[in-house]
$ cat start_10.cif   # mmCIF, C-alpha atoms and all ligand atoms
data_upload
loop_
_atom_site.label_atom_id
_atom_site.label_comp_id
_atom_site.auth_asym_id
_atom_site.auth_seq_id
_atom_site.Cartn_x
_atom_site.Cartn_y
_atom_site.Cartn_z
CA MET A 1494 50.50 7.71 -20.54
CA GLU A 1495 51.07 9.20 -17.10
CA ILE A 1496 47.97 10.26 -15.13
CA ASN A 1497 48.90 13.93 -15.38
CA GLU A 1498 49.40 13.71 -19.18
CA LYS A 1499 46.13 11.86 -19.64
CA SER A 1500 44.37 14.43 -17.46
CA GLU A 1501 45.72 17.36 -19.46
CA LEU A 1502 44.65 15.65 -22.69
CA TYR A 1503 41.16 14.45 -21.76
CA LEU A 1504 39.93 16.63 -18.90
CA CYS A 1505 38.85 20.22 -19.44
CA ASN A 1506 41.68 22.49 -18.45
CA THR A 1507 39.70 24.38 -15.82
CA TYR A 1508 42.24 23.90 -13.03
CA ALA A 1509 45.98 24.56 -12.73
CA ARG A 1510 47.52 21.50 -11.09
CA ASN A 1511 50.79 19.64 -10.83
CA LEU A 1512 50.33 16.89 -8.26
CA THR A 1513 48.70 13.45 -8.41
CA LEU A 1514 47.46 12.28 -5.02
CA ASP A 1515 47.05 8.58 -4.47
CA HIS A 1516 45.71 7.95 -0.97
CA GLY A 1517 45.59 9.30 2.54
CA LYS A 1518 44.59 8.82 6.15
CA GLY A 1519 43.26 11.57 8.38
CA SER A 1520 45.29 14.72 7.71
CA GLU A 1521 48.09 12.97 5.80
CA LEU A 1522 48.18 12.34 2.05
CA TRP A 1523 50.56 10.48 -0.21
CA ASP A 1524 51.26 11.15 -3.89
CA CYS A 1525 51.95 8.53 -6.56
CA ASP A 1526 55.68 8.60 -5.83
CA GLY A 1527 55.07 7.82 -2.17
CA LYS A 1528 55.85 11.36 -0.95
CA ARG A 1529 53.91 12.34 2.18
CA TYR A 1530 52.04 15.60 2.69
CA ILE A 1531 50.31 17.19 5.67
CA ASP A 1532 46.91 18.39 4.50
CA PHE A 1533 45.84 21.95 5.38
CA SER A 1534 43.17 22.02 2.65
CA SER A 1535 40.68 19.16 3.22
CA GLY A 1536 39.91 19.22 -0.51
CA ILE A 1537 38.63 22.82 -0.09
CA ALA A 1538 36.87 22.35 3.26
CA VAL A 1539 35.17 19.12 2.19
CA ASN A 1540 36.86 16.29 4.09
CA SER A 1541 35.65 17.49 7.50
CA PHE A 1542 37.17 14.53 9.35
CA GLY A 1543 40.09 14.03 7.01
CA VAL A 1544 40.74 11.36 4.42
CA SER A 1545 39.24 7.86 4.54
CA ASP A 1546 37.68 8.56 7.94
CA GLN A 1547 36.53 5.23 9.37
CA LEU A 1548 33.17 6.26 10.88
CA TRP A 1549 32.15 8.10 7.72
CA ALA A 1550 33.31 5.20 5.50
CA ASN A 1551 31.33 2.76 7.67
CA ALA A 1552 28.20 4.91 7.41
CA ILE A 1553 28.28 5.23 3.62
CA THR A 1554 29.28 1.60 3.07
CA ALA A 1555 26.43 0.29 5.21
CA GLN A 1556 23.92 2.48 3.37
CA ALA A 1557 25.34 1.57 -0.07
CA GLN A 1558 24.79 -2.08 0.75
CA LYS A 1559 21.23 -1.43 1.87
CA LEU A 1560 19.71 1.08 -0.57
CA GLN A 1561 21.89 3.46 -2.60
CA HIS A 1562 19.20 5.58 -4.23
CA THR A 1563 15.41 5.83 -4.16
CA SER A 1564 14.45 8.97 -6.15
CA ASN A 1565 12.66 11.68 -4.25
CA LEU A 1566 9.28 10.12 -5.01
CA TYR A 1567 9.65 8.04 -1.82
CA TYR A 1568 10.49 8.80 1.81
CA SER A 1569 13.90 7.67 2.99
CA ALA A 1570 15.37 7.56 6.51
CA PRO A 1571 18.83 9.11 5.99
CA ALA A 1572 17.42 12.32 4.45
CA ALA A 1573 14.69 12.63 7.08
CA ASN A 1574 17.16 12.10 9.92
CA LEU A 1575 19.70 14.53 8.46
CA ALA A 1576 17.09 17.24 7.88
CA GLU A 1577 15.81 16.77 11.44
CA GLN A 1578 19.30 17.17 12.90
CA LEU A 1579 20.03 20.24 10.77
CA CYS A 1580 16.78 21.91 11.89
CA LEU A 1581 17.12 20.98 15.57
CA ARG A 1582 20.66 22.30 15.71
CA THR A 1583 20.10 25.57 13.84
CA GLY A 1584 16.55 26.64 14.62
CA MET A 1585 15.72 26.47 10.92
CA SER A 1586 12.44 24.82 9.89
CA LYS A 1587 12.86 22.83 6.67
CA VAL A 1588 15.62 21.61 4.36
CA PHE A 1589 15.93 21.10 0.61
CA PHE A 1590 18.79 18.78 -0.38
CA SER A 1591 20.80 19.08 -3.60
CA ASN A 1592 24.32 18.14 -4.67
CA SER A 1593 26.61 21.15 -4.39
CA GLY A 1594 27.06 24.62 -3.02
CA CYS A 1595 25.96 26.35 -6.17
CA GLU A 1596 22.76 24.30 -6.25
CA ALA A 1597 22.08 25.12 -2.60
CA ASN A 1598 22.44 28.81 -3.51
CA GLU A 1599 20.29 28.39 -6.66
CA CYS A 1600 17.56 27.04 -4.41
CA ALA A 1601 18.00 29.96 -2.00
CA ILE A 1602 17.62 32.44 -4.87
CA LYS A 1603 14.51 30.66 -6.12
CA VAL A 1604 12.95 30.57 -2.63
CA ALA A 1605 13.62 34.30 -2.05
CA ARG A 1606 12.06 35.21 -5.39
CA LYS A 1607 9.09 32.86 -5.05
CA HIS A 1608 8.38 33.95 -1.48
CA SER A 1609 8.23 37.53 -2.70
CA PHE A 1610 6.19 36.60 -5.78
CA ASP A 1611 3.65 34.67 -3.73
CA LYS A 1612 3.17 37.66 -1.42
CA TYR A 1613 3.62 40.70 -3.66
CA GLY A 1614 3.29 39.44 -7.24
CA ALA A 1615 5.79 39.92 -10.06
CA GLY A 1616 8.56 42.51 -10.16
CA ARG A 1617 10.07 42.19 -6.70
CA TYR A 1618 13.05 40.02 -7.62
CA ARG A 1619 16.25 41.96 -6.99
CA ILE A 1620 18.89 40.45 -4.71
CA ILE A 1621 21.74 42.41 -3.16
CA THR A 1622 25.06 40.59 -2.76
CA LEU A 1623 28.56 41.92 -2.06
CA THR A 1624 31.49 42.76 -4.30
CA ASN A 1625 34.26 40.18 -3.97
CA SER A 1626 31.70 37.52 -2.99
CA PHE A 1627 31.59 33.98 -4.36
CA HIS A 1628 28.34 32.05 -4.62
CA GLY A 1629 29.03 29.47 -7.34
CA ARG A 1630 29.48 28.91 -11.05
CA SER A 1631 26.02 28.20 -12.43
CA MET A 1632 24.55 31.14 -14.36
CA ALA A 1633 22.43 32.34 -11.44
CA THR A 1634 25.09 31.93 -8.76
CA LEU A 1635 27.75 33.38 -11.07
CA SER A 1636 25.45 36.37 -11.49
CA ALA A 1637 25.15 36.59 -7.70
CA THR A 1638 28.94 36.50 -7.42
CA GLY A 1639 30.16 40.09 -7.15
CA GLN A 1640 33.29 39.70 -9.25
CA PRO A 1641 32.74 41.38 -12.65
CA THR A 1642 35.82 39.78 -14.25
CA MET A 1643 34.17 36.38 -13.80
CA HIS A 1644 31.08 37.61 -15.72
CA THR A 1645 32.80 38.93 -18.84
CA ALA A 1646 32.86 35.82 -21.04
CA PHE A 1647 29.38 34.68 -20.03
CA GLN A 1648 27.24 37.75 -20.71
CA PRO A 1649 24.39 38.28 -20.50
CA ILE A 1650 24.36 37.21 -16.87
CA LEU A 1651 21.06 36.86 -15.04
CA SER A 1652 19.49 40.21 -14.28
CA GLY A 1653 18.38 41.24 -10.82
CA PHE A 1654 21.63 41.19 -8.86
CA SER A 1655 23.37 44.26 -7.50
CA TYR A 1656 26.54 44.43 -5.47
CA ALA A 1657 27.18 46.38 -2.28
CA THR A 1658 30.50 46.78 -0.45
CA ALA A 1659 31.37 44.49 2.46
CA ASN A 1660 31.15 46.18 5.88
CA ASP A 1661 29.66 49.36 4.35
CA ILE A 1662 25.98 49.34 5.30
CA ASP A 1663 25.31 52.63 3.48
CA SER A 1664 26.25 50.91 0.23
CA VAL A 1665 23.55 48.32 0.98
CA TYR A 1666 20.92 50.97 1.88
CA ALA A 1667 21.67 52.68 -1.43
CA LEU A 1668 20.68 49.58 -3.41
CA VAL A 1669 17.41 48.72 -1.64
CA ASP A 1670 14.26 49.66 -3.51
CA SER A 1671 10.72 48.36 -3.97
CA HIS A 1672 12.04 45.64 -6.31
CA THR A 1673 14.44 44.12 -3.74
CA CYS A 1674 13.50 40.74 -2.25
CA ALA A 1675 16.70 39.59 -0.53
CA ILE A 1676 20.22 40.22 0.70
CA MET A 1677 22.74 37.39 0.32
CA LEU A 1678 26.01 37.27 2.28
CA GLU A 1679 28.96 35.04 3.10
CA LEU A 1680 29.91 35.79 6.71
CA VAL A 1681 33.55 35.16 5.87
CA GLN A 1682 34.21 35.72 2.17
CA GLY A 1683 36.14 32.55 1.33
CA GLU A 1684 37.27 32.66 -2.28
CA GLY A 1685 37.40 36.45 -1.94
CA GLY A 1686 40.37 36.22 0.42
CA VAL A 1687 39.03 35.00 3.77
CA VAL A 1688 37.47 38.38 4.60
CA PRO A 1689 35.21 38.26 7.69
CA LEU A 1690 32.21 40.55 7.85
CA GLU A 1691 31.75 42.77 10.89
CA LYS A 1692 29.01 41.73 13.28
CA SER A 1693 27.50 45.23 13.30
CA PHE A 1694 27.28 45.20 9.48
CA VAL A 1695 25.60 41.80 9.40
CA GLN A 1696 23.13 42.78 12.13
CA ALA A 1697 22.31 46.03 10.31
CA ALA A 1698 21.68 44.01 7.14
CA GLU A 1699 19.34 41.77 9.10
CA ARG A 1700 17.41 44.78 10.45
CA LEU A 1701 17.15 46.15 6.92
CA CYS A 1702 15.71 42.83 5.75
CA LYS A 1703 13.13 42.77 8.55
CA ALA A 1704 12.12 46.39 7.95
CA ASN A 1705 11.58 45.84 4.21
CA ASP A 1706 10.27 42.25 4.32
CA MET A 1707 13.29 40.96 2.43
CA ALA A 1708 14.87 37.53 2.95
CA LEU A 1709 18.30 37.34 4.58
CA ILE A 1710 20.26 34.58 2.83
CA ILE A 1711 23.51 33.43 4.46
CA ASP A 1712 25.82 31.42 2.20
CA GLU A 1713 27.54 29.01 4.60
CA VAL A 1714 28.83 26.68 1.92
CA GLN A 1715 32.39 27.20 3.18
CA THR A 1716 31.87 28.54 6.72
CA GLY A 1717 29.34 25.86 7.73
CA VAL A 1718 29.49 22.53 9.53
CA GLY A 1719 31.90 23.43 12.33
CA ARG A 1720 34.46 25.17 10.16
CA SER A 1721 34.02 28.57 11.87
CA GLY A 1722 34.13 27.22 15.43
CA SER A 1723 30.34 27.05 15.74
CA LEU A 1724 28.14 24.61 13.83
CA TYR A 1725 27.18 27.45 11.49
CA ALA A 1726 28.92 30.81 11.51
CA PHE A 1727 25.63 32.73 11.72
CA GLN A 1728 25.28 31.38 15.27
CA GLN A 1729 28.21 33.65 16.25
CA PHE A 1730 26.68 36.75 14.67
CA GLY A 1731 23.48 36.98 16.72
CA ILE A 1732 21.20 36.80 13.68
CA SER A 1733 18.28 34.63 12.54
CA PRO A 1734 18.61 34.22 8.77
CA ASP A 1735 15.64 33.27 6.60
CA ILE A 1736 17.76 30.99 4.43
CA VAL A 1737 21.11 29.29 5.13
CA THR A 1738 22.98 27.31 2.50
CA SER A 1739 25.40 24.50 3.30
CA ALA A 1740 27.51 22.11 1.21
CA LYS A 1741 31.28 21.41 1.12
CA GLY A 1742 32.05 19.95 4.59
CA LEU A 1743 28.54 18.64 5.20
CA GLY A 1744 29.07 15.55 3.05
CA GLY A 1745 32.48 14.74 4.51
CA GLY A 1746 33.71 13.97 0.98
CA LEU A 1747 30.59 13.16 -1.01
CA PRO A 1748 28.59 15.79 -2.92
CA ILE A 1749 25.72 17.40 -1.05
CA GLY A 1750 23.98 20.76 -0.92
CA ALA A 1751 21.44 21.79 1.70
CA THR A 1752 19.22 24.85 1.71
CA LEU A 1753 17.85 25.47 5.20
CA LEU A 1754 14.65 27.50 5.33
CA GLY A 1755 13.48 29.53 8.31
CA ALA A 1756 9.91 29.87 9.55
CA ARG A 1757 8.96 32.74 7.21
CA VAL A 1758 9.85 30.86 4.01
CA LYS A 1759 9.52 27.23 5.05
CA ASN A 1760 6.43 26.58 2.90
CA THR A 1761 7.53 28.54 -0.17
CA LEU A 1762 8.59 25.47 -2.11
CA THR A 1763 5.56 23.44 -3.11
CA VAL A 1764 5.15 20.20 -5.07
CA GLY A 1765 6.72 20.65 -8.50
CA SER A 1766 8.28 24.05 -7.80
CA HIS A 1767 11.78 22.67 -7.31
CA GLY A 1768 13.53 19.31 -7.43
CA SER A 1769 16.71 17.30 -7.83
CA THR A 1770 17.29 13.76 -9.07
CA PHE A 1771 20.25 13.02 -6.83
CA GLY A 1772 19.44 15.43 -3.98
CA ALA A 1773 18.92 13.71 -0.61
CA ASN A 1774 20.77 10.63 -1.85
CA PRO A 1775 20.71 8.07 1.00
CA VAL A 1776 24.44 7.21 0.85
CA VAL A 1777 25.43 10.87 0.87
CA CYS A 1778 22.97 11.69 3.68
CA ALA A 1779 24.17 8.75 5.79
CA GLY A 1780 27.74 10.08 5.49
CA ALA A 1781 26.59 13.62 6.33
CA LEU A 1782 24.78 12.36 9.43
CA SER A 1783 27.98 10.72 10.66
CA VAL A 1784 29.77 14.08 10.16
CA LEU A 1785 27.09 16.13 11.89
CA GLU A 1786 26.84 13.76 14.88
CA ARG A 1787 30.49 14.33 15.71
CA ILE A 1788 30.41 18.12 15.59
CA ASP A 1789 29.74 18.60 19.29
CA ASP A 1790 30.76 21.27 21.80
CA LYS A 1791 34.02 19.47 22.58
CA LEU A 1792 35.09 19.46 18.92
CA LEU A 1793 34.01 23.09 18.44
CA THR A 1794 36.09 24.14 21.46
CA GLU A 1795 39.09 22.29 20.01
CA ILE A 1796 38.58 24.00 16.63
CA THR A 1797 38.64 27.39 18.33
CA ALA A 1798 41.76 26.47 20.33
CA LYS A 1799 43.52 25.27 17.16
CA SER A 1800 42.52 28.49 15.42
CA GLU A 1801 44.20 30.47 18.21
CA LEU A 1802 47.28 28.26 17.93
CA VAL A 1803 47.59 28.96 14.19
CA LYS A 1804 47.09 32.71 14.69
CA ALA A 1805 49.61 32.89 17.57
CA THR A 1806 52.22 30.81 15.73
CA LEU A 1807 51.99 32.65 12.43
CA SER A 1808 51.92 36.10 14.03
CA THR A 1809 55.58 35.56 14.96
CA CYS A 1810 56.62 35.24 11.28
CA SER A 1811 58.14 38.36 9.75
CA LYS A 1812 56.65 37.60 6.34
CA VAL A 1813 53.09 37.24 7.68
CA LYS A 1814 51.22 40.55 7.54
CA SER A 1815 47.93 39.34 9.03
CA VAL A 1816 45.85 36.25 9.75
CA THR A 1817 42.10 36.61 9.17
CA GLY A 1818 39.13 34.30 9.43
CA LEU A 1819 37.20 32.22 11.92
CA GLY A 1820 37.90 28.79 13.38
CA LEU A 1821 39.81 26.60 10.94
CA MET A 1822 39.07 28.85 7.96
CA LEU A 1823 42.06 31.15 7.96
CA GLY A 1824 43.62 33.52 5.46
CA VAL A 1825 47.28 34.42 5.75
CA GLU A 1826 48.35 37.71 4.19
CA VAL A 1827 51.98 37.24 3.17
CA VAL A 1828 54.94 39.24 1.97
CA GLY A 1829 55.58 37.79 -1.48
CA ASP A 1830 53.50 35.90 -4.03
CA ALA A 1831 50.98 33.56 -2.39
CA SER A 1832 51.00 31.09 -5.30
CA GLU A 1833 54.79 30.79 -5.23
CA ILE A 1834 54.71 30.28 -1.48
CA ARG A 1835 51.97 27.66 -1.86
CA GLN A 1836 54.23 25.77 -4.28
CA LYS A 1837 57.23 26.00 -1.93
CA LEU A 1838 55.08 24.60 0.89
CA GLN A 1839 53.94 21.76 -1.37
CA ASP A 1840 57.56 20.96 -2.21
CA LYS A 1841 58.24 20.76 1.54
CA GLY A 1842 55.26 18.45 2.12
CA LEU A 1843 52.43 20.78 3.15
CA LEU A 1844 49.27 21.31 1.10
CA VAL A 1845 47.56 24.70 1.48
CA LEU A 1846 45.22 26.73 -0.71
CA THR A 1847 45.23 30.32 -1.85
CA ALA A 1848 42.43 32.88 -1.99
CA LYS A 1849 43.17 36.07 -3.92
CA LYS A 1850 46.56 37.22 -2.56
CA LYS A 1851 46.46 35.15 0.62
CA LEU A 1852 47.30 31.64 1.67
CA ARG A 1853 44.12 29.89 2.76
CA LEU A 1854 44.23 27.22 5.46
CA LEU A 1855 41.32 24.78 5.79
CA PRO A 1856 42.64 21.76 7.72
CA ALA A 1857 40.36 18.92 8.76
CA LEU A 1858 38.24 19.79 11.80
CA ASN A 1859 39.92 16.98 13.76
CA ILE A 1860 43.52 17.55 12.63
CA PRO A 1861 45.76 16.21 15.41
CA THR A 1862 47.64 19.02 17.20
CA GLU A 1863 51.03 17.40 16.37
CA LEU A 1864 50.27 17.50 12.64
CA LEU A 1865 48.96 21.06 12.90
CA GLU A 1866 52.19 22.06 14.63
CA SER A 1867 54.36 20.21 12.08
CA GLY A 1868 52.54 21.97 9.24
CA LEU A 1869 52.92 25.35 10.93
CA GLN A 1870 56.63 24.64 11.36
CA ILE A 1871 56.93 24.22 7.58
CA ILE A 1872 55.16 27.55 7.05
CA LYS A 1873 57.50 29.18 9.60
CA GLU A 1874 60.54 27.88 7.72
CA ILE A 1875 59.35 29.63 4.56
CA LEU A 1876 57.86 32.79 6.06
CA LYS A 1877 60.21 32.98 9.15
C1 LIG B 1901 32.55 26.68 -2.82
C2 LIG B 1901 31.51 27.72 -2.61
C3 LIG B 1901 30.35 27.74 -3.40
C4 LIG B 1901 30.14 26.80 -4.56
O1 LIG B 1901 30.05 25.48 -4.15
P1 LIG B 1901 30.13 24.29 -5.26
O2 LIG B 1901 29.90 23.07 -4.45
O3 LIG B 1901 31.49 24.36 -5.86
O4 LIG B 1901 29.07 24.55 -6.25
C5 LIG B 1901 29.38 28.67 -3.09
N1 LIG B 1901 29.54 29.54 -2.08
C6 LIG B 1901 30.64 29.55 -1.31
C7 LIG B 1901 30.74 30.52 -0.18
C8 LIG B 1901 31.67 28.65 -1.55
O5 LIG B 1901 32.78 28.67 -0.80
#
$ encode --input "start_10.cif" --output "structure tokens"
Amino acid sequence: MEINEKSELYLCNTYARNLTLDHGKGSELWDCDGKRYIDFSSGIAVNSFGVSDQLWANAITAQAQKLQHTSNLYYSAPAANLAEQLCLRTGMSKVFFSNSGCEANECAIKVARKHSFDKYGAGRYRIITLTNSFHGRSMATLSATGQPTMHTAFQPILSGFSYATANDIDSVYALVDSHTCAIMLELVQGEGGVVPLEKSFVQAAERLCKANDMALIIDEVQTGVGRSGSLYAFQQFGISPDIVTSAKGLGGGLPIGATLLGARVKNTLTVGSHGSTFGANPVVCAGALSVLERIDDKLLTEITAKSELVKATLSTCSKVKSVTGLGLMLGVEVVGDASEIRQKLQDKGLLVLTAKKKLRLLPALNIPTELLESGLQIIKEILK
């Protein structure tokens, strides 16, 4: 049986796919027939330094040969070092490690509720999120996700979430009451169509949180780890969140989730109140450290320059209506059907993603300029 046939037969059919990738190097991938692709997707913003990156592979291999897992009942250097770096570089105070974005957000939701419970007692549990948001697929993070069509088959969803409108602060004010403990935002809605929030809206939400002693949770699962042109996107918005979640690109290709806690909530989680068997895995953390170490000012400047290059190049195409997003997280609003265009690009050797009705570009943070330009040339051929 071919790999695709076997996959359709034995794997749950939760994804629409038609390509079997075999191997890659950097920002180039090859399928099983030997056809080459330029990668503008990084496995959905995961492979921060591209495919089979040597420094990352060295870091995880060395750790795998030393100690691959300890359980969280013991201290371990990779997790301690990674948490230290994350705190020093963000101003956050403590980190809880898990294995995915949705788990990082689950932890954020639990911290917000417990912080409020510890201070005010039961009943102050409501969390405001935005319509069109995406926070994950577990029951709690699905409930936080402001897309009602995704809830339908899984009712009853978790109670205590209400949805305001992005960039409309009055819609947030209208939902705050004495039962509200947090506001949770993506600074650029990723799955929702690469929709950036306005700085004034985000800052007003922060003021609202301060005034009502609510936690500000920023979901940086997609925007984090250099993707936006700063280490975390919140650093461009002039805010100090109480909780920041990170995943996708942090692991460089291995599963990790990180929930960063600010000073006000840093001691909310106590022994036994939360946990994870695989969280803080030494191999994963060693890889993440090698990713984080390389996200320096030079790389961030290059990311911003490449972002400008993509925007300038695509703005000349007649079938491009707009380019939104930050850094190397860009949404391209197109004339025509985004899925059909994505397929045409794949046929021509360029892998991109879609988000709602847009093309979504998430190349590796270190994509060489020549490959970026070659990929853009393919898009120009289709969208002229
Ligand atoms: C991908 C994503 C998630 C979910 O992450 P998983 O690792 O798939 O659980 C949550 N929030 C945002 C903003 C995301 O982009």
$ residues_near_point --input "start_10.cif" --point "(44.0, 10.5, 9.6)" --cutoff "8 Å" --atoms "only C-alpha atoms" --output "ChimeraX atom specification"
/A:1517-1521,1542-1546,1860
$ atom_distance --input "start_10.cif" --atom1 "CA of Phe1694 in chain A" --atom2 "CA of Lys1741 in chain A"
25.5 Å
$ closest_residue --input "start_10.cif" --among "A:Thr1622, A:Asn1540, A:Thr1738, A:Ser1609" --to "ligand LIG 1901 (chain B)" --atoms "only C-alpha atoms and all ligand atoms"
A:Thr1738
$ atom_distance --input "start_10.cif" --atom1 "CA of Asn1760 in chain A" --atom2 "CA of Ser1671 in chain A"
23.2 Å
$ residues_around --input "start_10.cif" --residues "range 1808-1825 of chain A" --least-positions-apart "6" --cutoff "7 Å" --atoms "only C-alpha atoms" --output "list of chain:residue names"
A:Val1681, A:Gly1686, A:Val1687, A:Val1688, A:Pro1689, A:Arg1720, A:Ser1721, A:Gly1722, A:Ile1796, A:Thr1797, A:Ser1800, A:Lys1851, A:Leu1852, A:Arg1853, A:Leu1854, A:Leu1855, A:Pro1856, A:Lys1873, A:Leu1876, A:Lys1877
$ residues_near_ligand --input "start_10.cif" --ligand "ligand LIG 1901 (chain B)" --cutoff "7 Å" --atoms "all atoms listed in the file" --output "number ranges by chain"
A: 1593-1596, 1598, 1627-1630, 1679, 1682-1684, 1712-1715, 1740-1741
$ write_last_selection --input "start_10.cif" --atoms "C-alpha atoms" --output "CSV table (one decimal), keeping the file's coordinate frame"
chain,number,residue,atom,x,y,z
A,1593,SER,CA,26.6,21.2,-4.4
A,1594,GLY,CA,27.1,24.6,-3.0
A,1595,CYS,CA,26.0,26.4,-6.2
A,1596,GLU,CA,22.8,24.3,-6.2
A,1598,ASN,CA,22.4,28.8,-3.5
A,1627,PHE,CA,31.6,34.0,-4.4
A,1628,HIS,CA,28.3,32.0,-4.6
A,1629,GLY,CA,29.0,29.5,-7.3
A,1630,ARG,CA,29.5,28.9,-11.0
A,1679,GLU,CA,29.0,35.0,3.1
A,1682,GLN,CA,34.2,35.7,2.2
A,1683,GLY,CA,36.1,32.6,1.3
A,1684,GLU,CA,37.3,32.7,-2.3
A,1712,ASP,CA,25.8,31.4,2.2
A,1713,GLU,CA,27.5,29.0,4.6
A,1714,VAL,CA,28.8,26.7,1.9
A,1715,GLN,CA,32.4,27.2,3.2
A,1740,ALA,CA,27.5,22.1,1.2
A,1741,LYS,CA,31.3,21.4,1.1
$ closest_residue --input "start_10.cif" --among "A:Ser1586, A:Ser1535, A:Thr1658, A:Ser1832" --to "Ile1736 in chain A" --atoms "only C-alpha atoms"
A:Ser1586
$ atom_distance --input "start_10.cif" --atom1 "CA of Glu1826 in chain A" --atom2 "CA of Thr1645 in chain A"
27.8 Å
$ closest_residue --input "start_10.cif" --among "A:Gly1750, A:Gly1868, A:Gly1772, A:Gly1685" --to "Lys1849 in chain A" --atoms "all atoms listed in the file"
A:Gly1685
$ closest_residue --input "start_10.cif" --among "A:Thr1642, A:Thr1563, A:Asn1551, A:Asn1859" --to "Lys1799 in chain A" --atoms "all atoms listed in the file"
A:Asn1859
$ closest_residue --input "start_10.cif" --among "A:Ala1675, A:Leu1858, A:Leu1864, A:Leu1754" --to "Gly1842 in chain A" --atoms "all atoms listed in the file"
A:Leu1864
$ closest_residue --input "start_10.cif" --among "A:Val1784, A:Val1845, A:Leu1504, A:Ala1605" --to "Arg1757 in chain A" --atoms "all atoms listed in the file"
A:Ala1605
$ decode --input "start_10.cif" --residues "range 1617-1622 of chain A" --atoms "all heavy atoms" --output "PDB file, in the first residue's frame"
ATOM      1  N   ARG A1617     -15.755  33.868  40.484  1.00  0.00           N
ATOM      2  CA  ARG A1617     -15.138  34.874  39.611  1.00  0.00           C
ATOM      3  C   ARG A1617     -14.260  34.114  38.606  1.00  0.00           C
ATOM      4  O   ARG A1617     -13.059  33.992  38.771  1.00  0.00           O
ATOM      5  CB  ARG A1617     -14.314  35.827  40.481  1.00  0.00           C
ATOM      6  CG  ARG A1617     -13.999  37.175  39.860  1.00  0.00           C
ATOM      7  CD  ARG A1617     -13.374  38.079  40.916  1.00  0.00           C
ATOM      8  NE  ARG A1617     -12.804  39.303  40.373  1.00  0.00           N
ATOM      9  CZ  ARG A1617     -11.602  39.382  39.802  1.00  0.00           C
ATOM     10  NH1 ARG A1617     -10.842  38.311  39.705  1.00  0.00           N
ATOM     11  NH2 ARG A1617     -11.170  40.539  39.348  1.00  0.00           N
ATOM     12  N   TYR A1618     -14.901  33.591  37.590  1.00  0.00           N
ATOM     13  CA  TYR A1618     -14.234  32.632  36.692  1.00  0.00           C
ATOM     14  C   TYR A1618     -14.353  32.976  35.214  1.00  0.00           C
ATOM     15  O   TYR A1618     -13.763  32.315  34.363  1.00  0.00           O
ATOM     16  CB  TYR A1618     -14.837  31.230  36.899  1.00  0.00           C
ATOM     17  CG  TYR A1618     -16.328  31.195  36.636  1.00  0.00           C
ATOM     18  CD1 TYR A1618     -16.801  31.012  35.340  1.00  0.00           C
ATOM     19  CD2 TYR A1618     -17.249  31.385  37.664  1.00  0.00           C
ATOM     20  CE1 TYR A1618     -18.162  31.022  35.080  1.00  0.00           C
ATOM     21  CE2 TYR A1618     -18.607  31.390  37.415  1.00  0.00           C
ATOM     22  CZ  TYR A1618     -19.054  31.215  36.121  1.00  0.00           C
ATOM     23  OH  TYR A1618     -20.386  31.242  35.863  1.00  0.00           O
ATOM     24  N   ARG A1619     -15.092  34.011  34.874  1.00  0.00           N
ATOM     25  CA  ARG A1619     -15.366  34.271  33.455  1.00  0.00           C
ATOM     26  C   ARG A1619     -14.122  34.832  32.748  1.00  0.00           C
ATOM     27  O   ARG A1619     -13.369  35.617  33.311  1.00  0.00           O
ATOM     28  CB  ARG A1619     -16.531  35.242  33.280  1.00  0.00           C
ATOM     29  CG  ARG A1619     -17.829  34.758  33.902  1.00  0.00           C
ATOM     30  CD  ARG A1619     -19.023  35.561  33.400  1.00  0.00           C
ATOM     31  NE  ARG A1619     -19.263  35.305  31.997  1.00  0.00           N
ATOM     32  CZ  ARG A1619     -20.052  34.323  31.529  1.00  0.00           C
ATOM     33  NH1 ARG A1619     -20.692  33.547  32.376  1.00  0.00           N
ATOM     34  NH2 ARG A1619     -20.200  34.138  30.249  1.00  0.00           N
ATOM     35  N   ILE A1620     -13.937  34.397  31.514  1.00  0.00           N
ATOM     36  CA  ILE A1620     -12.796  34.852  30.711  1.00  0.00           C
ATOM     37  C   ILE A1620     -13.331  35.391  29.382  1.00  0.00           C
ATOM     38  O   ILE A1620     -14.130  34.723  28.708  1.00  0.00           O
ATOM     39  CB  ILE A1620     -11.788  33.704  30.478  1.00  0.00           C
ATOM     40  CG1 ILE A1620     -11.201  33.253  31.834  1.00  0.00           C
ATOM     41  CG2 ILE A1620     -10.666  34.137  29.530  1.00  0.00           C
ATOM     42  CD1 ILE A1620     -10.278  32.068  31.772  1.00  0.00           C
ATOM     43  N   ILE A1621     -12.892  36.592  29.042  1.00  0.00           N
ATOM     44  CA  ILE A1621     -13.314  37.207  27.781  1.00  0.00           C
ATOM     45  C   ILE A1621     -12.263  36.902  26.712  1.00  0.00           C
ATOM     46  O   ILE A1621     -11.064  37.136  26.922  1.00  0.00           O
ATOM     47  CB  ILE A1621     -13.468  38.736  27.942  1.00  0.00           C
ATOM     48  CG1 ILE A1621     -14.561  39.046  28.977  1.00  0.00           C
ATOM     49  CG2 ILE A1621     -13.780  39.391  26.604  1.00  0.00           C
ATOM     50  CD1 ILE A1621     -14.601  40.511  29.392  1.00  0.00           C
ATOM     51  N   THR A1622     -12.689  36.355  25.601  1.00  0.00           N
ATOM     52  CA  THR A1622     -11.803  36.161  24.444  1.00  0.00           C
ATOM     53  C   THR A1622     -12.454  36.881  23.256  1.00  0.00           C
ATOM     54  O   THR A1622     -13.449  37.582  23.447  1.00  0.00           O
ATOM     55  CB  THR A1622     -11.594  34.661  24.125  1.00  0.00           C
ATOM     56  OG1 THR A1622     -12.828  34.107  23.639  1.00  0.00           O
ATOM     57  CG2 THR A1622     -11.146  33.888  25.354  1.00  0.00           C
TER      58      THR A1622
END
